[in-house]
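Participant: Here it is, the structure in full.
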Amino acid sequence: VGACAVRSGCLCVMGRPKTMTSDGGENRDSASIIFWTALLALQVGVQPYLTSQMKSGEVINSAAIIVQEGILKLVFGIQALVLTSGLHSKALQSWSLMRSVRTAGIPSMLYAAQNLLTILAFGKIDGLTYNILNQSKLIWNAVFVYTFLGIKFGPDEIMSLAIIVCTTLLVTADPQKFNAASNFENDGSYIIGVICTLVASLISGVASTVMQYNLQRLKRNPYLMSAELGIYSAFTLVGKISIEAYLGIGDGKRILESSFLHGFTLQTLFPLATTSLGGIVVGQVTLHAGGVGKAYALLAGILVAS
């Protein structure tokens, strides 16, 4: 089922270059779509494995993880921008704080919330289940893209969406998963993981639509946009940690009792770095293929994970 969805999704994206490209010819755009979507599929497929294999023996605060990812995304995004466009690039020269906050502020807060839910989900369900359930973001993204950006979908694309819905329902309603959860996890962790993943997918659909508008309609630089998302997400979580520390609850309390870097090692930095780099790749996929095209790329990660 996943292979059919990927195949039909790729045909849909490749078959609509005028709506998916920002500049350049069809051949150049097709090559960019193939390269960036393949890279994203690889990252998504191996990320759950890297996260589980290179996790620390200590409990790491989820908010601290996202702050670290935001900082890394800022560093990688600026480096990529300088390497591709130079220090005197148009994107840097025309940058303004107000425009940056207006275009990157909202999606950064949405992605911060999504990342918190994703971290919770990774600890409750396996990587393949997460990747399949996570494709429900394709439905939400398609709805929001049609509603707010006016992009319509053809029969092939609608069929692909239907395949995603069926796959998601099959995994969610898998009785063996629920039986396993009831037998080995008395706290209902599997169901919690499913709920966290589905809510994160909804948030992702909204954020992806906003990003597609910023990159394709407003012509924002994808590397600079990724860097802005990283730093604003970090600021959002620092505010959350500060409030929790003042109230003596949650991650803020735990960080006060231990430290902000508690549990971090050189080994744990590797999956954080790949996640941050994945965020930069997402920007390129959104620019060239749109939010729905990005979701198809993420679905291809299921094949890698399996």
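Letters A, B, ... go to the chains of the structure tokens in the order shown; residues in each chain start at 1; ligands are counted from 1 in the same order.
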From a DSSP pass on the backbone, collect the residues of segment 106-248 of chain A flagged as alpha helix (DSSP H) and hand them back as a PyMOL selection string.
Facilitator: chain A and resi 106-122+127-133+136-144+155-172+175-184+189-212+222-247
Participant: Using only C-alpha atoms, determine which residues lie at most 12 Å from Leu92 of chain A, disregarding the query and same-chain residues fewer than 5 positions distant; provide the list as a ChimeraX atom specification.
Facilitator: /A:78,81-82,85-87,97,100,220-221,223-225,227-228
Participant: Would you save the residues of that selection, restricted to N, CA, C and O atoms, as a PDB file, in the first residue's frame?
Facilitator:
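What landed in selection_15.pdb:
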```
ATOM      1  N   ILE A  78      22.274  28.937   8.300  1.00  0.00           N
ATOM      2  CA  ILE A  78      23.133  30.060   7.920  1.00  0.00           C
ATOM      3  C   ILE A  78      24.332  29.573   7.113  1.00  0.00           C
ATOM      4  O   ILE A  78      24.740  30.200   6.124  1.00  0.00           O
ATOM      5  N   LEU A  81      23.172  28.844   3.617  1.00  0.00           N
ATOM      6  CA  LEU A  81      22.894  30.089   2.895  1.00  0.00           C
ATOM      7  C   LEU A  81      24.181  30.748   2.427  1.00  0.00           C
ATOM      8  O   LEU A  81      24.285  31.195   1.273  1.00  0.00           O
ATOM      9  N   VAL A  82      25.176  30.810   3.311  1.00  0.00           N
ATOM     10  CA  VAL A  82      26.450  31.437   2.950  1.00  0.00           C
ATOM     11  C   VAL A  82      27.167  30.635   1.874  1.00  0.00           C
ATOM     12  O   VAL A  82      27.742  31.202   0.934  1.00  0.00           O
ATOM     13  N   SER A  85      24.937  31.146  -1.438  1.00  0.00           N
ATOM     14  CA  SER A  85      24.673  32.502  -1.940  1.00  0.00           C
ATOM     15  C   SER A  85      25.713  33.537  -1.534  1.00  0.00           C
ATOM     16  O   SER A  85      25.706  34.645  -2.076  1.00  0.00           O
ATOM     17  N   GLY A  86      26.574  33.208  -0.559  1.00  0.00           N
ATOM     18  CA  GLY A  86      27.590  34.154  -0.129  1.00  0.00           C
ATOM     19  C   GLY A  86      27.086  35.081   0.969  1.00  0.00           C
ATOM     20  O   GLY A  86      25.887  35.164   1.255  1.00  0.00           O
ATOM     21  N   LEU A  87      28.024  35.820   1.563  1.00  0.00           N
ATOM     22  CA  LEU A  87      27.676  36.724   2.653  1.00  0.00           C
ATOM     23  C   LEU A  87      26.860  37.925   2.194  1.00  0.00           C
ATOM     24  O   LEU A  87      26.160  38.553   2.988  1.00  0.00           O
ATOM     25  N   LEU A  97      13.778  42.322  10.755  1.00  0.00           N
ATOM     26  CA  LEU A  97      13.258  41.594  11.903  1.00  0.00           C
ATOM     27  C   LEU A  97      11.746  41.462  11.846  1.00  0.00           C
ATOM     28  O   LEU A  97      11.206  40.384  12.120  1.00  0.00           O
ATOM     29  N   SER A 100      10.733  38.923   9.308  1.00  0.00           N
ATOM     30  CA  SER A 100      11.132  37.602   9.772  1.00  0.00           C
ATOM     31  C   SER A 100      10.159  37.060  10.804  1.00  0.00           C
ATOM     32  O   SER A 100       9.721  35.908  10.727  1.00  0.00           O
ATOM     33  N   ARG A 220      10.520  33.546   0.014  1.00  0.00           N
ATOM     34  CA  ARG A 220      11.534  33.544   1.070  1.00  0.00           C
ATOM     35  C   ARG A 220      12.609  32.510   0.751  1.00  0.00           C
ATOM     36  O   ARG A 220      12.332  31.454   0.195  1.00  0.00           O
ATOM     37  N   ASN A 221      13.844  32.792   1.139  1.00  0.00           N
ATOM     38  CA  ASN A 221      14.946  31.855   0.948  1.00  0.00           C
ATOM     39  C   ASN A 221      14.765  30.664   1.891  1.00  0.00           C
ATOM     40  O   ASN A 221      14.599  30.860   3.108  1.00  0.00           O
ATOM     41  N   TYR A 223      16.829  28.345   3.059  1.00  0.00           N
ATOM     42  CA  TYR A 223      17.853  28.172   4.087  1.00  0.00           C
ATOM     43  C   TYR A 223      17.692  29.203   5.194  1.00  0.00           C
ATOM     44  O   TYR A 223      17.799  28.877   6.388  1.00  0.00           O
ATOM     45  N   LEU A 224      17.444  30.451   4.810  1.00  0.00           N
ATOM     46  CA  LEU A 224      17.232  31.495   5.810  1.00  0.00           C
ATOM     47  C   LEU A 224      15.970  31.221   6.607  1.00  0.00           C
ATOM     48  O   LEU A 224      15.933  31.429   7.828  1.00  0.00           O
ATOM     49  N   MET A 225      14.939  30.730   5.940  1.00  0.00           N
ATOM     50  CA  MET A 225      13.689  30.415   6.612  1.00  0.00           C
ATOM     51  C   MET A 225      13.901  29.296   7.638  1.00  0.00           C
ATOM     52  O   MET A 225      13.358  29.340   8.749  1.00  0.00           O
ATOM     53  N   ALA A 227      16.694  28.625   9.213  1.00  0.00           N
ATOM     54  CA  ALA A 227      17.447  29.198  10.326  1.00  0.00           C
ATOM     55  C   ALA A 227      16.531  29.999  11.244  1.00  0.00           C
ATOM     56  O   ALA A 227      16.634  29.917  12.477  1.00  0.00           O
ATOM     57  N   GLU A 228      15.619  30.775  10.651  1.00  0.00           N
ATOM     58  CA  GLU A 228      14.680  31.566  11.446  1.00  0.00           C
ATOM     59  C   GLU A 228      13.754  30.662  12.250  1.00  0.00           C
ATOM     60  O   GLU A 228      13.488  30.920  13.433  1.00  0.00           O
TER      61      GLU A 228
END
```
Participant: One number please: atom CA of Ala63 of chain A to atom CA of Ser258 of chain A, in Å, one decimal.
Facilitator: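 Taking atom CA of Ala63 of chain A as the start and atom CA of Ser258 of chain A as the end point, the length is 13.9 Å.
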Participant: Show me, as number ranges by chain, the residues that have an atom within 9 Å of Tyr130 of chain A when counting only C-alpha atoms, minus same-chain residues fewer than 2 positions from it.
Facilitator: A: 48, 118, 121-122, 125-128, 132-135, 193-194, 197
Participant: Quick one, how far is atom CA of Val44 of chain A from atom CA of Ile280 of chain A?
Facilitator: 12.7 Å
Participant: Report, in Å to a single decimal, how far apart atom CA of Leu74 of chain A and atom CA of Asn141 of chain A are.
Facilitator: 25.2 Å
Participant: Pick the closest to Leu39 of chain A from A:Ala300, A:Ile241, A:Ala104, A:Leu72: which is it, counting only C-alpha atoms?
Facilitator: A:Ala300
Participant: Which of these residues is nearest to Ser52 of chain A, using only C-alpha atoms: A:Val281, A:Ile119, A:Ala64, A:Ile195?
Facilitator: A:Ile119
Participant: For Gln114 of chain A, please output as a ChimeraX atom specification all residues within 12 Å (counting only C-alpha atoms; exclusion window: fewer than 4 positions along the same chain).
Facilitator: /A:62-63,66,107-110,118-121,134,137,196-208,233,237
Participant: Find the spatial neighbours of Gly283 of chain A, counting only C-alpha atoms, within a cut-off of 10 Å - ignore same-chain residues fewer than 5 positions away - and output them as a PyMOL selection string.
Facilitator: chain A and resi 36+208+211-212+215+221-226+278+288-291+294
Participant: Let me make sure I understand: among A:Cys166, A:Ala80, A:Ala41, A:Ile158, which one has the smallest atom-to-atom distance to Asn131 of chain A if we use only C-alpha atoms?
Facilitator: A:Ala41
Participant: Which of these residues is nearest to Gly293 of chain A, using only C-alpha atoms: A:Leu138, A:Val75, A:Leu266, A:Leu50?
Facilitator: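 Nearest candidate to Gly293 of chain A out of A:Leu138, A:Val75, A:Leu266, A:Leu50: A:Leu138.
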